[in-house]
$ cat input_12.tsv   # TSV, C-alpha atoms
chain	number	residue	atom	x	y	z
A	1	LYS	CA	106.33	102.75	109.22
A	2	GLU	CA	106.25	104.51	105.87
A	3	ILE	CA	104.29	101.60	104.40
A	4	ILE	CA	101.22	102.52	106.40
A	5	MET	CA	101.16	106.24	105.79
A	6	GLN	CA	98.61	107.98	103.64
A	7	GLU	CA	99.14	108.17	99.89
A	8	THR	CA	102.01	105.68	99.79
A	9	THR	CA	102.52	103.33	96.89
A	10	ALA	CA	101.43	100.30	98.92
A	11	ARG	CA	97.84	100.60	100.07
A	12	ASN	CA	97.17	99.24	103.54
A	13	THR	CA	94.18	96.96	103.06
A	14	LYS	CA	93.73	96.65	106.83
A	15	ILE	CA	92.58	100.27	106.93
A	16	ASP	CA	90.04	99.53	104.20
A	17	LEU	CA	88.93	96.49	106.18
A	18	LEU	CA	88.38	98.55	109.33
A	19	LYS	CA	86.48	101.23	107.43
A	20	GLY	CA	84.34	98.54	105.81
A	21	PHE	CA	83.39	97.11	109.19
A	22	LEU	CA	82.66	100.58	110.54
A	23	ILE	CA	80.35	101.33	107.60
A	24	ILE	CA	78.41	98.17	108.42
A	25	PHE	CA	78.07	99.38	112.01
A	26	VAL	CA	76.91	102.78	110.74
A	27	ILE	CA	74.23	101.12	108.62
A	28	LEU	CA	73.13	98.90	111.52
A	29	GLY	CA	73.09	101.89	113.86
A	30	HIS	CA	70.70	103.70	111.54
A	31	ALA	CA	68.62	100.68	110.55
A	32	ILE	CA	67.90	99.25	114.01
A	33	PRO	CA	64.63	100.78	115.25
A	34	GLY	CA	64.31	102.51	118.58
A	35	ASN	CA	66.03	105.24	120.55
A	36	VAL	CA	69.78	105.05	121.18
A	37	ASN	CA	69.19	105.37	124.91
A	38	THR	CA	66.62	102.58	125.04
A	39	VAL	CA	68.01	99.98	122.59
A	40	ILE	CA	71.21	98.35	123.81
A	41	SER	CA	72.50	97.37	120.35
A	42	ARG	CA	72.24	100.94	119.08
A	43	TYR	CA	73.72	102.26	122.32
A	44	LEU	CA	76.81	100.07	121.96
A	45	ILE	CA	77.26	100.89	118.26
A	46	TYR	CA	77.01	104.62	119.00
A	47	SER	CA	79.64	104.13	121.71
A	48	PHE	CA	82.44	103.78	119.18
A	49	HIS	CA	81.59	103.88	115.48
A	50	MET	CA	81.94	107.62	114.79
A	51	PRO	CA	84.90	108.24	117.14
A	52	MET	CA	86.66	105.39	115.33
A	53	PHE	CA	85.94	106.99	111.96
A	54	PHE	CA	87.44	110.25	113.18
A	55	GLY	CA	90.40	108.37	114.62
A	56	ILE	CA	91.13	106.56	111.36
A	57	SER	CA	90.73	109.84	109.45
A	58	GLY	CA	93.26	111.44	111.79
A	59	TYR	CA	95.61	108.49	111.38
A	60	LEU	CA	95.51	108.91	107.61
A	61	PHE	CA	95.96	112.68	107.73
A	62	ASN	CA	99.53	113.64	106.83
A	63	THR	CA	100.36	117.11	108.17
A	64	ASP	CA	103.70	117.05	106.34
A	65	LYS	CA	102.03	117.22	102.94
A	66	THR	CA	100.98	120.50	101.37
A	67	PHE	CA	97.31	121.25	101.90
A	68	LYS	CA	95.45	121.20	98.58
A	69	PRO	CA	91.89	122.61	98.74
A	70	THR	CA	91.10	121.31	95.24
A	71	LYS	CA	91.62	117.75	96.49
A	72	TYR	CA	88.90	118.18	99.12
A	73	ILE	CA	86.58	120.01	96.74
A	74	LYS	CA	86.72	117.16	94.22
A	75	ARG	CA	86.78	114.18	96.59
A	76	ILE	CA	84.55	115.37	99.44
A	77	ILE	CA	82.72	118.68	98.97
A	78	ILE	CA	81.20	117.96	95.54
A	79	PRO	CA	80.01	114.43	96.53
A	80	TYR	CA	78.61	115.93	99.75
A	81	VAL	CA	76.66	118.66	97.92
A	82	ILE	CA	75.20	116.08	95.51
A	83	ALA	CA	74.18	113.82	98.41
A	84	ALA	CA	72.67	116.77	100.29
A	85	LEU	CA	70.57	117.63	97.22
A	86	VAL	CA	69.45	114.01	96.88
A	87	PHE	CA	68.26	113.85	100.48
A	88	PHE	CA	66.73	117.31	100.23
A	89	VAL	CA	64.59	116.08	97.34
A	90	LEU	CA	63.69	112.86	99.16
A	91	ASN	CA	62.56	114.84	102.20
A	92	PHE	CA	61.08	117.78	100.30
A	93	ASP	CA	57.56	118.82	101.22
A	94	PHE	CA	56.08	119.59	97.79
A	95	ASN	CA	52.98	121.10	99.39
A	96	ALA	CA	55.03	123.72	101.22
A	97	GLY	CA	56.83	125.06	98.14
A	98	VAL	CA	60.49	125.95	97.67
A	99	ASN	CA	62.22	127.63	100.61
A	100	ALA	CA	65.51	129.18	99.51
A	101	VAL	CA	66.72	129.69	103.10
A	102	GLY	CA	65.86	126.10	103.95
A	103	LEU	CA	67.76	124.82	100.92
A	104	ILE	CA	70.87	126.79	101.88
A	105	LYS	CA	70.72	125.39	105.42
A	106	GLU	CA	70.47	121.87	104.02
A	107	LEU	CA	73.53	122.32	101.83
A	108	ILE	CA	75.65	124.01	104.50
A	109	PHE	CA	74.67	122.00	107.56
A	110	GLY	CA	73.49	118.71	106.08
A	111	PHE	CA	70.13	118.67	107.86
A	112	SER	CA	68.39	117.09	104.88
A	113	TRP	CA	69.33	113.85	106.63
A	114	TYR	CA	71.08	113.59	109.95
A	115	HIS	CA	74.07	111.43	108.96
A	116	LEU	CA	75.57	114.09	106.67
A	117	TRP	CA	76.95	116.03	109.64
A	118	TYR	CA	80.09	113.86	109.59
A	119	VAL	CA	81.33	115.41	106.34
A	120	ILE	CA	80.97	118.95	107.71
A	121	SER	CA	82.71	117.98	110.93
A	122	TYR	CA	85.53	116.22	109.05
A	123	LEU	CA	86.18	119.26	106.84
A	124	VAL	CA	86.25	121.57	109.86
A	125	ILE	CA	88.80	119.46	111.73
A	126	VAL	CA	90.96	119.04	108.60
A	127	PHE	CA	91.10	122.80	108.04
A	128	LEU	CA	91.67	123.40	111.77
A	129	PHE	CA	94.40	120.77	112.01
A	130	THR	CA	96.12	122.23	108.95
A	131	ALA	CA	96.02	125.71	110.50
A	132	VAL	CA	97.67	124.51	113.73
A	133	LYS	CA	100.02	121.90	112.25
A	134	LYS	CA	103.08	123.64	113.75
A	135	VAL	CA	101.60	123.51	117.25
A	136	PRO	CA	103.12	120.64	119.30
A	137	MET	CA	100.93	117.55	119.40
A	138	TRP	CA	100.72	117.49	123.20
A	139	ILE	CA	99.23	120.99	123.21
A	140	LYS	CA	96.67	120.01	120.55
A	141	LEU	CA	95.70	116.94	122.55
A	142	ILE	CA	95.19	118.97	125.73
A	143	VAL	CA	93.11	121.60	123.92
A	144	PHE	CA	90.96	119.01	122.14
A	145	LEU	CA	90.52	117.10	125.41
A	146	ALA	CA	89.20	120.28	127.01
A	147	VAL	CA	86.84	120.78	124.06
A	148	PHE	CA	85.69	117.18	124.32
A	149	LEU	CA	84.85	117.43	128.01
A	150	ALA	CA	83.13	120.80	127.70
A	151	VAL	CA	81.04	119.82	124.69
A	152	LYS	CA	80.25	116.16	125.46
A	153	ILE	CA	79.05	116.88	129.00
A	154	ASN	CA	76.86	119.76	127.83
A	155	PHE	CA	75.94	118.47	124.37
A	156	ASP	CA	72.21	118.06	125.00
A	157	GLN	CA	71.93	121.70	126.05
A	158	LEU	CA	74.17	122.99	123.26
A	159	SER	CA	72.49	120.98	120.49
A	160	ASN	CA	69.06	122.20	121.65
A	161	SER	CA	70.08	125.78	122.33
A	162	SER	CA	67.58	128.59	121.77
A	163	ASN	CA	70.37	130.37	119.87
A	164	THR	CA	70.03	129.24	116.26
A	165	ILE	CA	73.71	129.65	115.41
A	166	VAL	CA	74.83	127.67	118.46
A	167	LYS	CA	72.28	124.95	117.72
A	168	LEU	CA	73.29	124.67	114.07
A	169	PHE	CA	77.00	124.58	114.87
A	170	PHE	CA	76.90	121.85	117.49
A	171	ASN	CA	74.46	119.67	115.55
A	172	ALA	CA	76.44	119.99	112.32
A	173	VAL	CA	80.00	119.87	113.69
A	174	LYS	CA	79.88	117.90	116.97
A	175	PRO	CA	83.38	119.14	117.93
A	176	TYR	CA	83.85	116.62	120.73
A	177	ASN	CA	84.93	114.19	118.00
A	178	PHE	CA	87.96	116.36	117.15
A	179	LEU	CA	89.87	114.75	120.02
A	180	PHE	CA	89.69	111.33	118.36
A	181	PHE	CA	91.01	112.77	115.09
A	182	ALA	CA	93.96	114.23	117.04
A	183	ILE	CA	94.62	110.95	118.86
A	184	GLY	CA	94.54	109.03	115.58
A	185	ASN	CA	97.00	111.47	114.08
A	186	ALA	CA	99.31	111.20	117.10
A	187	LEU	CA	99.31	107.41	116.81
A	188	ARG	CA	100.93	107.56	113.36
A	189	ASP	CA	104.35	107.78	115.02
A	190	PHE	CA	103.61	105.89	118.23
A	191	GLU	CA	105.08	102.42	118.68
A	192	ILE	CA	102.67	99.96	120.28
A	193	LYS	CA	104.30	96.82	121.66
A	194	LYS	CA	102.63	93.43	122.02
A	195	PRO	CA	102.33	93.45	125.85
A	196	LEU	CA	100.46	96.75	125.61
A	197	VAL	CA	98.16	95.31	122.94
A	198	LYS	CA	97.23	92.41	125.24
A	199	ALA	CA	96.52	94.78	128.13
A	200	LEU	CA	94.46	97.07	125.91
A	201	SER	CA	92.44	94.13	124.57
A	202	VAL	CA	91.48	93.15	128.11
A	203	ALA	CA	90.72	96.79	128.95
A	204	ALA	CA	88.46	97.06	125.88
A	205	LEU	CA	86.40	94.05	126.98
A	206	ILE	CA	86.08	95.44	130.50
A	207	LEU	CA	85.04	98.86	129.20
A	208	ILE	CA	82.41	97.32	126.92
A	209	GLY	CA	81.05	95.52	129.96
A	210	ILE	CA	80.96	98.82	131.84
A	211	ARG	CA	79.06	100.39	128.93
A	212	VAL	CA	76.46	97.63	129.17
A	213	TYR	CA	76.20	98.21	132.93
A	214	ASP	CA	75.94	101.95	132.31
A	215	PHE	CA	73.07	101.42	129.86
A	216	TYR	CA	70.98	99.55	132.41
A	217	CYS	CA	72.06	100.99	135.74
A	218	MET	CA	73.79	104.37	135.45
A	219	GLU	CA	72.52	107.88	134.75
A	220	ASN	CA	75.62	109.95	135.43
A	221	ILE	CA	76.76	112.12	132.52
A	222	TYR	CA	80.26	112.56	133.96
A	223	PHE	CA	80.86	108.83	134.37
A	224	GLU	CA	79.33	108.13	130.94
A	225	THR	CA	81.57	110.75	129.33
A	226	PHE	CA	84.69	109.33	131.00
A	227	GLU	CA	83.99	105.71	130.00
A	228	PHE	CA	83.05	106.79	126.45
A	229	LEU	CA	86.40	108.58	126.18
A	230	LEU	CA	88.40	105.76	127.70
A	231	LEU	CA	86.79	103.08	125.52
A	232	ASN	CA	87.51	104.95	122.31
A	233	VAL	CA	91.08	105.81	123.27
A	234	VAL	CA	91.72	102.11	123.94
A	235	LEU	CA	90.07	101.12	120.65
A	236	LEU	CA	92.13	103.67	118.72
A	237	PHE	CA	95.35	102.27	120.18
A	238	LEU	CA	94.22	98.78	119.15
A	239	MET	CA	93.33	100.11	115.70
A	240	ALA	CA	96.81	101.57	115.26
A	241	ALA	CA	98.43	98.38	116.53
A	242	PHE	CA	96.41	96.29	114.07
A	243	VAL	CA	97.21	98.55	111.12
A	244	LYS	CA	100.95	98.52	111.91
A	245	SER	CA	101.11	94.81	112.64
A	246	ASP	CA	102.23	91.99	110.34
A	247	VAL	CA	98.87	90.27	110.70
A	248	LYS	CA	97.49	89.34	107.28
A	249	ILE	CA	93.69	89.40	107.16
A	250	ARG	CA	91.87	89.77	103.87
A	251	ILE	CA	88.07	90.02	103.66
A	252	LYS	CA	87.57	91.50	100.21
A	253	PRO	CA	83.86	92.49	100.46
A	254	PHE	CA	84.59	94.61	103.52
A	255	GLU	CA	87.76	95.99	101.94
A	256	ASP	CA	85.76	97.04	98.87
A	257	ILE	CA	83.23	98.82	101.08
A	258	GLY	CA	86.09	100.49	102.94
A	259	LYS	CA	87.68	101.73	99.72
A	260	ASP	CA	84.42	103.50	98.82
A	261	SER	CA	83.46	104.32	102.41
A	262	LEU	CA	82.42	107.90	101.62
A	263	PHE	CA	79.94	106.74	98.96
A	264	PHE	CA	78.42	104.13	101.26
A	265	TYR	CA	78.29	106.62	104.11
A	266	LEU	CA	76.60	109.31	102.03
A	267	TYR	CA	73.95	107.10	100.42
A	268	HIS	CA	73.24	104.18	102.76
A	269	MET	CA	70.25	106.05	104.19
A	270	VAL	CA	68.54	105.96	100.78
A	271	PHE	CA	67.92	102.23	101.17
A	272	ILE	CA	66.63	102.73	104.71
A	273	ILE	CA	64.16	105.57	104.06
A	274	VAL	CA	62.86	104.59	100.61
$ encode --input "input_12.tsv" --output "C-alpha cells"
Amino acid sequence: KEIIMQETTARNTKIDLLKGFLIIFVILGHAIPGNVNTVISRYLIYSFHMPMFFGISGYLFNTDKTFKPTKYIKRIIIPYVIAALVFFVLNFDFNAGVNAVGLIKELIFGFSWYHLWYVISYLVIVFLFTAVKKVPMWIKLIVFLAVFLAVKINFDQLSNSSNTIVKLFFNAVKPYNFLFFAIGNALRDFEIKKPLVKALSVAALILIGIRVYDFYCMENIYFETFEFLLLNVVLLFLMAAFVKSDVKIRIKPFEDIGKDSLFFYLYHMVFIIV
C-alpha cells in the first residue's frame, strides 16, 4: 500500500493518467456550447468530473504528514493569484476604470473566470481536514454527508442568495464537494476486492443510464442529488481499486497532462475565450 501514497519515492503513474483524463473532461465541459441542463454531453461530464478531482485530491492527502503552509503557498496559492490576475486582465472592462474592490474580490473568490473556484475550495477543505485530522473518519464522513445533502439540495438558492457573503461563499467554495475529498481520503486504507470491483462496474453503468434518464425525464432535486452522490461514490471506489491494482496502463500524453494538472486547469480557459 505504501507504494501508492502521496510523496513516496515511486510515483503512481495511474493517478497522473486519471488526472489527465479528468482535465480533458474539464476542457470539454467548458468548451461544449450550451447550458449544462440542456446539453446531455455537458450534463454527463458535470455529473462526475469535479467530484472525482476532489476524490483524487483526498486520496493523495496524507494526514500523517506535518502540515506545511509554505508548500501550499508556493505550489498552489501563488499560481492561483497569477492566474486570477491573467483572467482579470482578459475580462477587464477598460472603459469602466480600475475598481479596487472588484480586483480584491477577483483575487479572493476567483470570479475573474468561473473555473478558478476549485482552487479556493481545495484550499478550504485541506485546511479544514488538517484541523480535524484527529477526528475519527466515520464522524467526518457523516458530517460531510450532512453538508453535502444540505448544500446540494439547496445550492441554487444559496448560490443566488441576496446576502452577498452567502452568495460569494457558496459560489467560491461549493462545500458539497468536501464529501468526495473525505471519501477519497478514507479509501487510502480500504481494501477493494475483485468481486466488489465487478459489482461496482455494473453499478456505474446502471447509474450512468439513470443519469441519462434523469436528464430527459426527471425533475426531482432529491432523486437527482441521490443519484449524483451514488454515482460518484461508486466511481471513487473504482478509482481507488484501479490505482491500487497491478494493472499496467501507460498513456504518456495523458500522464504528462496529469502531472501538470494544476497548470492545465488554471489556464485552459485562455484558449477557449481568446
$ closest_atom_pairs --input "input_12.tsv" --of "stretch 217-263 of chain A" --to "stretch 49-52 of chain A" --cutoff "9 Å" --atoms "only C-alpha atoms" --output "CSV"
residue,atom,partner,partner_atom,distance
A:Asn232,CA,A:Pro51,CA,6.7
A:Leu235,CA,A:Met52,CA,7.6
A:Leu236,CA,A:Met52,CA,6.7
A:Met239,CA,A:Met52,CA,8.5
$ write_last_selection --input "input_12.tsv" --atoms "C-alpha atoms" --output "JSON list (two decimals), in the frame of the given file"
[["chain", "number", "residue", "atom", "x", "y", "z"],
["A", 232, "ASN", "CA", 87.51, 104.95, 122.31],
["A", 235, "LEU", "CA", 90.07, 101.12, 120.65],
["A", 236, "LEU", "CA", 92.13, 103.67, 118.72],
["A", 239, "MET", "CA", 93.33, 100.11, 115.70]]
$ atom_distance --input "input_12.tsv" --atom1 "atom CA of A:Gly20" --atom2 "atom CA of A:Phe263"
11.6 Å
$ atom_distance --input "input_12.tsv" --atom1 "atom CA of A:Phe54" --atom2 "atom CA of A:Val234"
14.2 Å
$ closest_residue --input "input_12.tsv" --among "A:Val233, A:Ile273, A:Val173, A:Met218" --to "A:Ile125" --atoms "all atoms listed in the file"
A:Val173
$ closest_residue --input "input_12.tsv" --among "A:Val197, A:Gly184, A:Lys174, A:Val124" --to "A:Asp156" --atoms "all atoms listed in the file"
A:Lys174
$ closest_residue --input "input_12.tsv" --among "A:Phe67, A:Phe61, A:Tyr213, A:Tyr114" --to "A:Ala131" --atoms "all atoms listed in the file"
A:Phe67
$ closest_residue --input "input_12.tsv" --among "A:His268, A:Pro253, A:Phe170, A:Thr13" --to "A:Gly29" --atoms "all atoms listed in the file"
A:His268
$ residues_around --input "input_12.tsv" --residues "stretch 200-207 of chain A" --least-positions-apart "6" --cutoff "8 Å" --atoms "all atoms listed in the file" --output "list in words"
Glu227, Leu230, Leu231, Val234, Leu235, Phe237 and Leu238 of chain A
$ atom_distance --input "input_12.tsv" --atom1 "atom CA of A:Lys198" --atom2 "atom CA of A:Val247"
14.8 Å
$ decode --input "input_12.tsv" --residues "stretch 53-75 of chain A" --atoms "N, CA, C and O atoms" --output "mmCIF file, in the first residue's frame"
data_model
loop_
_atom_site.group_PDB
_atom_site.id
_atom_site.type_symbol
_atom_site.label_atom_id
_atom_site.label_comp_id
_atom_site.auth_asym_id
_atom_site.auth_seq_id
_atom_site.Cartn_x
_atom_site.Cartn_y
_atom_site.Cartn_z
ATOM 1 N N PHE A 53 -12.158 14.863 -9.095
ATOM 2 C CA PHE A 53 -10.956 15.635 -8.770
ATOM 3 C C PHE A 53 -10.803 15.775 -7.254
ATOM 4 O O PHE A 53 -9.709 15.612 -6.709
ATOM 5 N N PHE A 54 -11.903 16.083 -6.585
ATOM 6 C CA PHE A 54 -11.841 16.194 -5.124
ATOM 7 C C PHE A 54 -11.509 14.845 -4.496
ATOM 8 O O PHE A 54 -10.754 14.782 -3.517
ATOM 9 N N GLY A 55 -12.074 13.777 -5.043
ATOM 10 C CA GLY A 55 -11.797 12.450 -4.516
ATOM 11 C C GLY A 55 -10.333 12.070 -4.647
ATOM 12 O O GLY A 55 -9.719 11.548 -3.704
ATOM 13 N N ILE A 56 -9.764 12.324 -5.808
ATOM 14 C CA ILE A 56 -8.334 12.031 -6.017
ATOM 15 C C ILE A 56 -7.476 12.900 -5.110
ATOM 16 O O ILE A 56 -6.485 12.429 -4.531
ATOM 17 N N SER A 57 -7.854 14.171 -4.949
ATOM 18 C CA SER A 57 -7.111 15.062 -4.052
ATOM 19 C C SER A 57 -7.151 14.539 -2.627
ATOM 20 O O SER A 57 -6.141 14.569 -1.906
ATOM 21 N N GLY A 58 -8.322 14.042 -2.205
ATOM 22 C CA GLY A 58 -8.427 13.464 -0.871
ATOM 23 C C GLY A 58 -7.609 12.198 -0.733
ATOM 24 O O GLY A 58 -6.982 11.954 0.309
ATOM 25 N N TYR A 59 -7.591 11.394 -1.780
ATOM 26 C CA TYR A 59 -6.813 10.154 -1.777
ATOM 27 C C TYR A 59 -5.320 10.446 -1.614
ATOM 28 O O TYR A 59 -4.593 9.711 -0.938
ATOM 29 N N LEU A 60 -4.866 11.525 -2.216
ATOM 30 C CA LEU A 60 -3.446 11.877 -2.153
ATOM 31 C C LEU A 60 -3.073 12.617 -0.875
ATOM 32 O O LEU A 60 -1.887 12.770 -0.569
ATOM 33 N N PHE A 61 -4.073 13.080 -0.138
ATOM 34 C CA PHE A 61 -3.802 13.889 1.051
ATOM 35 C C PHE A 61 -3.418 12.995 2.223
ATOM 36 O O PHE A 61 -4.190 12.148 2.657
ATOM 37 N N ASN A 62 -2.217 13.190 2.741
ATOM 38 C CA ASN A 62 -1.690 12.370 3.834
ATOM 39 C C ASN A 62 -1.796 13.139 5.149
ATOM 40 O O ASN A 62 -1.025 14.051 5.412
ATOM 41 N N THR A 63 -2.763 12.768 5.976
ATOM 42 C CA THR A 63 -2.978 13.475 7.246
ATOM 43 C C THR A 63 -1.880 13.184 8.264
ATOM 44 O O THR A 63 -1.786 13.877 9.280
ATOM 45 N N ASP A 64 -1.065 12.159 8.004
ATOM 46 C CA ASP A 64 0.014 11.824 8.936
ATOM 47 C C ASP A 64 1.215 12.757 8.791
ATOM 48 O O ASP A 64 2.056 12.834 9.697
ATOM 49 N N LYS A 65 1.310 13.435 7.690
ATOM 50 C CA LYS A 65 2.441 14.334 7.466
ATOM 51 C C LYS A 65 2.174 15.696 8.097
ATOM 52 O O LYS A 65 1.031 16.146 8.184
ATOM 53 N N THR A 66 3.223 16.361 8.496
ATOM 54 C CA THR A 66 3.106 17.694 9.093
ATOM 55 C C THR A 66 2.634 18.700 8.052
ATOM 56 O O THR A 66 3.154 18.740 6.937
ATOM 57 N N PHE A 67 1.635 19.482 8.426
ATOM 58 C CA PHE A 67 1.099 20.484 7.508
ATOM 59 C C PHE A 67 2.112 21.619 7.331
ATOM 60 O O PHE A 67 2.567 22.209 8.302
ATOM 61 N N LYS A 68 2.440 21.913 6.081
ATOM 62 C CA LYS A 68 3.414 22.959 5.773
ATOM 63 C C LYS A 68 2.767 24.025 4.885
ATOM 64 O O LYS A 68 2.623 23.827 3.669
ATOM 65 N N PRO A 69 2.365 25.165 5.482
ATOM 66 C CA PRO A 69 1.716 26.229 4.702
ATOM 67 C C PRO A 69 2.550 26.710 3.531
ATOM 68 O O PRO A 69 2.007 27.055 2.476
ATOM 69 N N THR A 70 3.880 26.743 3.704
ATOM 70 C CA THR A 70 4.743 27.245 2.623
ATOM 71 C C THR A 70 4.622 26.400 1.360
ATOM 72 O O THR A 70 4.748 26.906 0.252
ATOM 73 N N LYS A 71 4.364 25.105 1.547
ATOM 74 C CA LYS A 71 4.199 24.202 0.409
ATOM 75 C C LYS A 71 2.999 24.625 -0.427
ATOM 76 O O LYS A 71 3.066 24.672 -1.670
ATOM 77 N N TYR A 72 1.894 24.966 0.231
ATOM 78 C CA TYR A 72 0.684 25.359 -0.486
ATOM 79 C C TYR A 72 0.798 26.767 -1.063
ATOM 80 O O TYR A 72 0.225 27.055 -2.116
ATOM 81 N N ILE A 73 1.541 27.629 -0.372
ATOM 82 C CA ILE A 73 1.753 28.982 -0.901
ATOM 83 C C ILE A 73 2.515 28.916 -2.217
ATOM 84 O O ILE A 73 2.137 29.559 -3.206
ATOM 85 N N LYS A 74 3.569 28.123 -2.240
ATOM 86 C CA LYS A 74 4.422 28.032 -3.429
ATOM 87 C C LYS A 74 3.750 27.279 -4.566
ATOM 88 O O LYS A 74 3.786 27.725 -5.729
ATOM 89 N N ARG A 75 3.122 26.150 -4.249
ATOM 90 C CA ARG A 75 2.616 25.256 -5.299
ATOM 91 C C ARG A 75 1.199 25.579 -5.758
ATOM 92 O O ARG A 75 0.813 25.207 -6.875
#
